[in-house]
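*Asks:* Can you read through this structure? Questions will come right after.
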Amino acid sequence: MQSTSEEHPNDAVWLGRNVVDSLPQGALAEKLAIAHRESRQLRVKLGIDPTAPDIHLGHAVVLGKLREFQDAGHRVVLIIGDYTARVGDPSGRSALRPMLSAEEIETNAATFQEQALKVLNADPGRLEVRRNSEWLDMPMTELLKLLRTTTAAQLLERDDFSKRWAAKQPISMLELVYPLLQGYDSVAIEADVEIGGTDQKFNLLLGRDIQRAYGLPEQAVLTMPILAGVDGRQKMSKSLGNQIGITDEPEEMYGRTMSIPDQVMGDYYKLVLGREPDQLLGPRDAKRELAREIVSWLHGPEAAAAAQAHFDRVVVQGDAPERIKETLFDVQNGTVHMPGVIADAFGVSRSEARRLIDQGAVALDDTALSAGEHDVASERLDGAVLRVGKRRFRRMRQASS
RNA sequence: GGUGGGGUGUCCGAGUGGUUAAAGGAGUGCGGCUGUAAACCGCAUGGCUCUGCCUACGCAGGUUCGAAUCCUGCCCCCACCA
C-alpha cells in the first residue's frame with residue numbers, strides 16, 4: 001500500500017497489481033486509454049456498507065488500491081451505503097444481517113469516512129463522497145424499471161445464493177434485490193471502475209449489466225484478495241473478532257499482528273505493505289518487521305518502536321510495562337475486596353475476577369494471590385502493581401478520603 | 001391456502017417432567033510450552049452482598065411436590081406442496 005516511489009504509474013499493469021480479477025480482460029487498460037484520450041479522470045467506485053463502524057486492515061487492502069488510482073490522478077467515488085445498509089447484504093455469509101436504525105447508520109458512516117481518510121487522499125479533486133440514499137429513495141416505477149433489468153435465475157447464480165438454494169436455506173427478497181441496488185449506484189455515479197473484495201465479484205459484474213440496461217458504458221471491475229483475520233482462517237471481519245482495526249492502539253495493533261499464523265504472513269506483507277518479506281529474515285523477525293511497519297504506517301515510526309519495545313518487554317519477557325495506568329481503590333475496615341477492584345479496573349464481572357484469583361492469575365508485585373484470597377490489607381495494596389493474567393497491569397493507589 | 005419443522009446460554013447445538021446453571025463444539029480467559037498474543041496440551045467460562053441467593057431455555061398464563069421438557073393462548077422464523 002505504501003508507495004515508496006515518487007511517480008505514480010498510470011498504467012493497467014501497475015494498477016492491476018495484486019488484484020485477483022480484472023474484468024473483463026483488457027477493460028481496465030481500455031478505460032485508462034479513454035481517460036487519457038479525453039483528458040479526464042476515471043471515476044473509481046467503492047461502495048461501503050456502514051453496518052460496522054470501524055475500518056480494519058481488510059478494508060485497507062481495497063482502500064489502498066483506490067489510493068493508487070488517486071495517486072495516478074483519478075477520482076475515487078466513495079459511496080456510503082446509508083440506504084442499502086437498511087437492506088442487509090448477505091455476501092459471503094449465510095445468515096441475515098440485522099437492520100440498523102438511521103442514527104446508527106449515520107454514526108457509522110461518519111466514523112467510516114473519517115477512518116477511510118487514513119488511507120485515501122482527501123483532496124476534493126480526487127475524492128467524492130456520496131450517500132446512496134441520494135438516489136435509491138426512488139418511486140416505485142423507477143424501482144420496477146430497475147428490477148426489469150435482471151432475472152431471478154441470474155441472481156440465483158451467485159455462489160452463496162445457489163448454495164443456500166440447494167441447501168434449502170432461507171434467502172430473503174431483500175438480499176436478492178441488494179445486488180441490483182448496488183448496481184444502480186454505479187449507474188447513478190457513472191462509475192468507470194468499481195473495486196471490491198473477491199466476495200463482491202458477482203455484484204460488481206452485475207453492475208455492468210445494469211449500467212448497460214440504462215444505456216451507460218460498462219464499468220471495469222477489479223477484485224482484491226480477501227485478507228485473512230488474525231486467526232489465519234476466516235476473512236478479517238469485525239463480527240468475527242479477528243480484525244486489526246485501523247485505529248487500534250499501537251500496542252494492540254502490534255500484538256495482534258504478532259499473533260497471526262506464520263502461513264498468512266506473506267499475504268499480509270503483500271496486501272498490506274505491498275511487498276515481499278525480506279528473505280534473509282527468519283519468521284520471527286519477519287513478523288516483527290511486519291508488525292512494526294503496519295504500526296508505523298498508521299501511527300508513525302515512534303509509536304511503532306514503542307509498541308515493539310512494549311511487546312518485547314511485556315509479552316516476550318513477561319515484565320511489567322514501563323508506564324502503568326493507576327487505579328484508585330477504597331478501603332473498608334483496613335482491607336480491600338479484590339474482586340471488586342479487578343472488576344472495576346478491567347471491565348470483567350466480579351465472579352470472573354474471583355475465578356481469576358482462584359486460578360492464580362492475579363498477582364500483587366509479582367506475588368500471586370492464592371485461591372480464596374479475596375480480601376487484601378490496604379497497606380499491601382497501596383503502591384503495588386496489580387497484574388491480571390500476562391498483560392493487564394494497574395498501579396494501585398488508595399483513594400484519599 | 002395446505003403440510004411439516006423450529007425458536008435453548010456470546011455463537012452453533014444437545015436435551016422432551018426430578019443432581020439441569022442446562023451435554024458437546026466454537027469463542028473467550030487463565031496456566032503450561034513457545035520466537036509469538038500462533039500451534040499444541042490442561043483448566044475455567046450466567047450474575048451476586050458466595051458453603052448461600054438470584055436470574056435463565058420466544059412471550060403470557062396453567063397443570064405438578066417439581067417444567068427447558070406437559071397443557072392453553074399469543075408472537076416470530078423456515079422448508080415443502082400448490
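Residues are named by chain letter and number: chains run A, B, ... in the order of the C-alpha cells, numbers start at 1 in each chain, and ligands are numbered from 1 in the order shown.
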DSSP on the backbone, then: every residue of segment 149-386 of chain A marked alpha helix (DSSP H), written as a ChimeraX atom specification.

*Replies:* /A:152-156,159-166,173-189,201-213,250-258,265-268,283-299,301-311,338-346,350-358,378-381

*Asks:* Using the selection just defined, write its residues with C-alpha atoms as a tab-separated table (two decimals), in the first residue's frame.

*Replies:*
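Saved the output as again.tsv:
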chain	number	residue	atom	x	y	z
A	152	ALA	CA	-34.27	-14.40	-10.69
A	153	ALA	CA	-32.21	-17.09	-12.40
A	154	GLN	CA	-29.39	-14.61	-12.88
A	155	LEU	CA	-29.37	-13.70	-9.22
A	156	LEU	CA	-29.50	-17.29	-8.09
A	159	ASP	CA	-22.42	-18.57	-5.34
A	160	ASP	CA	-23.80	-18.07	-1.87
A	161	PHE	CA	-27.35	-17.87	-3.19
A	162	SER	CA	-27.04	-21.07	-5.16
A	163	LYS	CA	-25.55	-22.85	-2.18
A	164	ARG	CA	-28.31	-21.72	0.09
A	165	TRP	CA	-30.89	-22.53	-2.51
A	166	ALA	CA	-29.50	-26.05	-2.86
A	173	MET	CA	-36.15	-10.92	-1.18
A	174	LEU	CA	-34.23	-8.06	0.34
A	175	GLU	CA	-30.98	-9.88	-0.11
A	176	LEU	CA	-31.91	-10.76	-3.64
A	177	VAL	CA	-32.56	-7.16	-4.54
A	178	TYR	CA	-29.39	-5.90	-2.91
A	179	PRO	CA	-27.10	-6.52	-5.90
A	180	LEU	CA	-29.49	-4.52	-8.06
A	181	LEU	CA	-29.34	-1.57	-5.73
A	182	GLN	CA	-25.58	-1.76	-5.64
A	183	GLY	CA	-25.55	-1.90	-9.42
A	184	TYR	CA	-27.77	1.12	-9.58
A	185	ASP	CA	-25.18	3.01	-7.55
A	186	SER	CA	-22.85	2.51	-10.50
A	187	VAL	CA	-25.49	3.96	-12.80
A	188	ALA	CA	-26.06	6.95	-10.55
A	189	ILE	CA	-22.44	7.95	-10.28
A	201	LYS	CA	-17.35	-10.22	-7.79
A	202	PHE	CA	-20.92	-11.10	-8.68
A	203	ASN	CA	-22.30	-7.77	-7.54
A	204	LEU	CA	-19.61	-5.83	-9.34
A	205	LEU	CA	-20.24	-7.68	-12.57
A	206	LEU	CA	-23.98	-7.28	-12.27
A	207	GLY	CA	-23.33	-3.56	-12.05
A	208	ARG	CA	-22.12	-3.76	-15.66
A	209	ASP	CA	-25.36	-5.34	-16.81
A	210	ILE	CA	-27.37	-2.69	-15.08
A	211	GLN	CA	-25.30	0.12	-16.50
A	212	ARG	CA	-25.79	-1.34	-19.95
A	213	ALA	CA	-29.54	-1.56	-19.36
A	250	PRO	CA	-0.24	0.89	18.61
A	251	GLU	CA	0.40	-1.77	21.23
A	252	GLU	CA	-2.80	-3.58	20.38
A	253	MET	CA	-2.09	-3.37	16.69
A	254	TYR	CA	1.44	-4.66	17.11
A	255	GLY	CA	0.40	-7.53	19.35
A	256	ARG	CA	-2.45	-8.62	17.16
A	257	THR	CA	-0.19	-8.63	14.16
A	258	MET	CA	2.29	-10.82	16.03
A	265	MET	CA	2.34	-13.61	6.96
A	266	GLY	CA	3.22	-13.49	3.27
A	267	ASP	CA	-0.27	-12.31	2.40
A	268	TYR	CA	-0.09	-9.57	4.96
A	283	PRO	CA	9.84	-15.99	10.60
A	284	ARG	CA	10.06	-14.33	13.99
A	285	ASP	CA	11.98	-11.32	12.72
A	286	ALA	CA	9.90	-11.09	9.58
A	287	LYS	CA	6.79	-10.91	11.72
A	288	ARG	CA	8.34	-8.32	13.99
A	289	GLU	CA	9.12	-6.22	10.96
A	290	LEU	CA	5.63	-6.67	9.59
A	291	ALA	CA	4.06	-5.61	12.86
A	292	ARG	CA	6.38	-2.65	13.20
A	293	GLU	CA	5.71	-1.42	9.67
A	294	ILE	CA	1.97	-1.73	9.99
A	295	VAL	CA	2.00	0.31	13.18
A	296	SER	CA	4.44	2.72	11.62
A	297	TRP	CA	2.16	3.20	8.65
A	298	LEU	CA	-0.87	4.05	10.76
A	299	HIS	CA	0.70	5.63	13.84
A	301	PRO	CA	7.65	5.28	13.45
A	302	GLU	CA	7.98	6.39	17.07
A	303	ALA	CA	4.77	4.71	18.09
A	304	ALA	CA	5.88	1.61	16.22
A	305	ALA	CA	9.19	1.45	18.04
A	306	ALA	CA	7.45	1.97	21.36
A	307	ALA	CA	4.91	-0.73	20.59
A	308	GLN	CA	7.68	-3.13	19.72
A	309	ALA	CA	9.55	-2.34	22.93
A	310	HIS	CA	6.36	-2.82	24.89
A	311	PHE	CA	5.70	-6.16	23.27
A	338	MET	CA	-10.09	-7.56	45.25
A	339	PRO	CA	-12.85	-8.94	43.01
A	340	GLY	CA	-14.49	-5.54	43.08
A	341	VAL	CA	-11.25	-3.75	42.30
A	342	ILE	CA	-10.44	-6.05	39.41
A	343	ALA	CA	-13.95	-5.88	38.07
A	344	ASP	CA	-13.88	-2.08	38.04
A	345	ALA	CA	-10.38	-1.81	36.63
A	346	PHE	CA	-10.70	-4.27	33.75
A	350	ARG	CA	-16.84	-9.90	39.89
A	351	SER	CA	-17.46	-13.58	39.51
A	352	GLU	CA	-14.90	-13.72	36.76
A	353	ALA	CA	-12.45	-11.76	38.89
A	354	ARG	CA	-12.90	-14.30	41.68
A	355	ARG	CA	-12.19	-17.11	39.30
A	356	LEU	CA	-9.06	-15.38	38.08
A	357	ILE	CA	-7.81	-15.03	41.63
A	358	ASP	CA	-8.58	-18.65	42.38
A	378	SER	CA	-4.83	-1.96	52.22
A	379	GLU	CA	-1.20	-1.29	53.08
A	380	ARG	CA	-0.14	-4.21	50.92
A	381	LEU	CA	-2.12	-2.85	48.01

*Asks:* What lies within 6 Å of segment 46-59 of chain B using only C-alpha atoms (C1' of nucleotides), ignoring chain neighbours under 6 positions off, as a list in words?

*Replies:*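 After dropping sequence-adjacent residues, the list is G7, U8 and A68 of chain B.
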
*Asks:* Would you save the residues from that selection as a PDB file, in the first residue's frame, using N, CA, C and O atoms (P, O5', C5', C4', C3', O3' and C1' of nucleotides)?

*Replies:*
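File produced: again_24.pdb:
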ATOM      1  P     G B   7     -35.996 -25.355  18.527  1.00  0.00           P
ATOM      2  O5'   G B   7     -35.411 -23.966  18.017  1.00  0.00           O
ATOM      3  C5'   G B   7     -34.816 -23.036  18.914  1.00  0.00           C
ATOM      4  C4'   G B   7     -35.341 -21.649  18.610  1.00  0.00           C
ATOM      5  C3'   G B   7     -35.502 -20.782  19.856  1.00  0.00           C
ATOM      6  O3'   G B   7     -34.488 -19.800  19.919  1.00  0.00           O
ATOM      7  C1'   G B   7     -37.399 -20.637  18.400  1.00  0.00           C
ATOM      8  P     U B   8     -32.916 -20.161  20.095  1.00  0.00           P
ATOM      9  O5'   U B   8     -32.936 -20.882  21.505  1.00  0.00           O
ATOM     10  C5'   U B   8     -33.238 -20.127  22.681  1.00  0.00           C
ATOM     11  C4'   U B   8     -32.787 -20.876  23.893  1.00  0.00           C
ATOM     12  C3'   U B   8     -31.275 -20.894  24.118  1.00  0.00           C
ATOM     13  O3'   U B   8     -30.854 -19.717  24.793  1.00  0.00           O
ATOM     14  C1'   U B   8     -32.140 -23.070  24.404  1.00  0.00           C
ATOM     15  P     A B  68     -37.627 -25.153  34.031  1.00  0.00           P
ATOM     16  O5'   A B  68     -37.900 -25.271  32.461  1.00  0.00           O
ATOM     17  C5'   A B  68     -37.912 -24.109  31.646  1.00  0.00           C
ATOM     18  C4'   A B  68     -37.798 -24.488  30.199  1.00  0.00           C
ATOM     19  C3'   A B  68     -38.676 -25.641  29.770  1.00  0.00           C
ATOM     20  O3'   A B  68     -39.947 -25.166  29.396  1.00  0.00           O
ATOM     21  C1'   A B  68     -36.467 -26.007  29.020  1.00  0.00           C
TER      22        A B  68
END

*Asks:* Could you pull the residues within 10 Å of segment 143-145 of chain A, counting only C-alpha atoms (C1' of nucleotides), minus those fewer than 2 positions along the same chain, as a PyMOL selection string?

*Replies:* chain A and resi 136-141+147-150+180-181+184+213-214

*Asks:* I want to know what sits within 12 Å of Leu271 of chain A, based on only C-alpha atoms (C1' of nucleotides), with residues of the same chain fewer than 5 positions away left out; could you give that as an MDAnalysis selection string?

*Replies:* chainID A and resid 1:2 17:20 57:65 224:228 264:266 276:277 290 294

*Asks:* Which polymer residues have any atom within 12 Å of an atom of G2 of chain B, counting only C-alpha atoms (C1' of nucleotides), with same-chain residues fewer than 5 positions away left out, as a PyMOL selection string?

*Replies:* chain B and resi 80-82

*Asks:* Between B:G18, B:G1, B:G29, B:G73, single out the one closest to chain A, counting only C-alpha atoms (C1' of nucleotides).

*Replies:*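 When distances to chain A are compared using only C-alpha atoms (C1' of nucleotides), the smallest one comes from B:G29.
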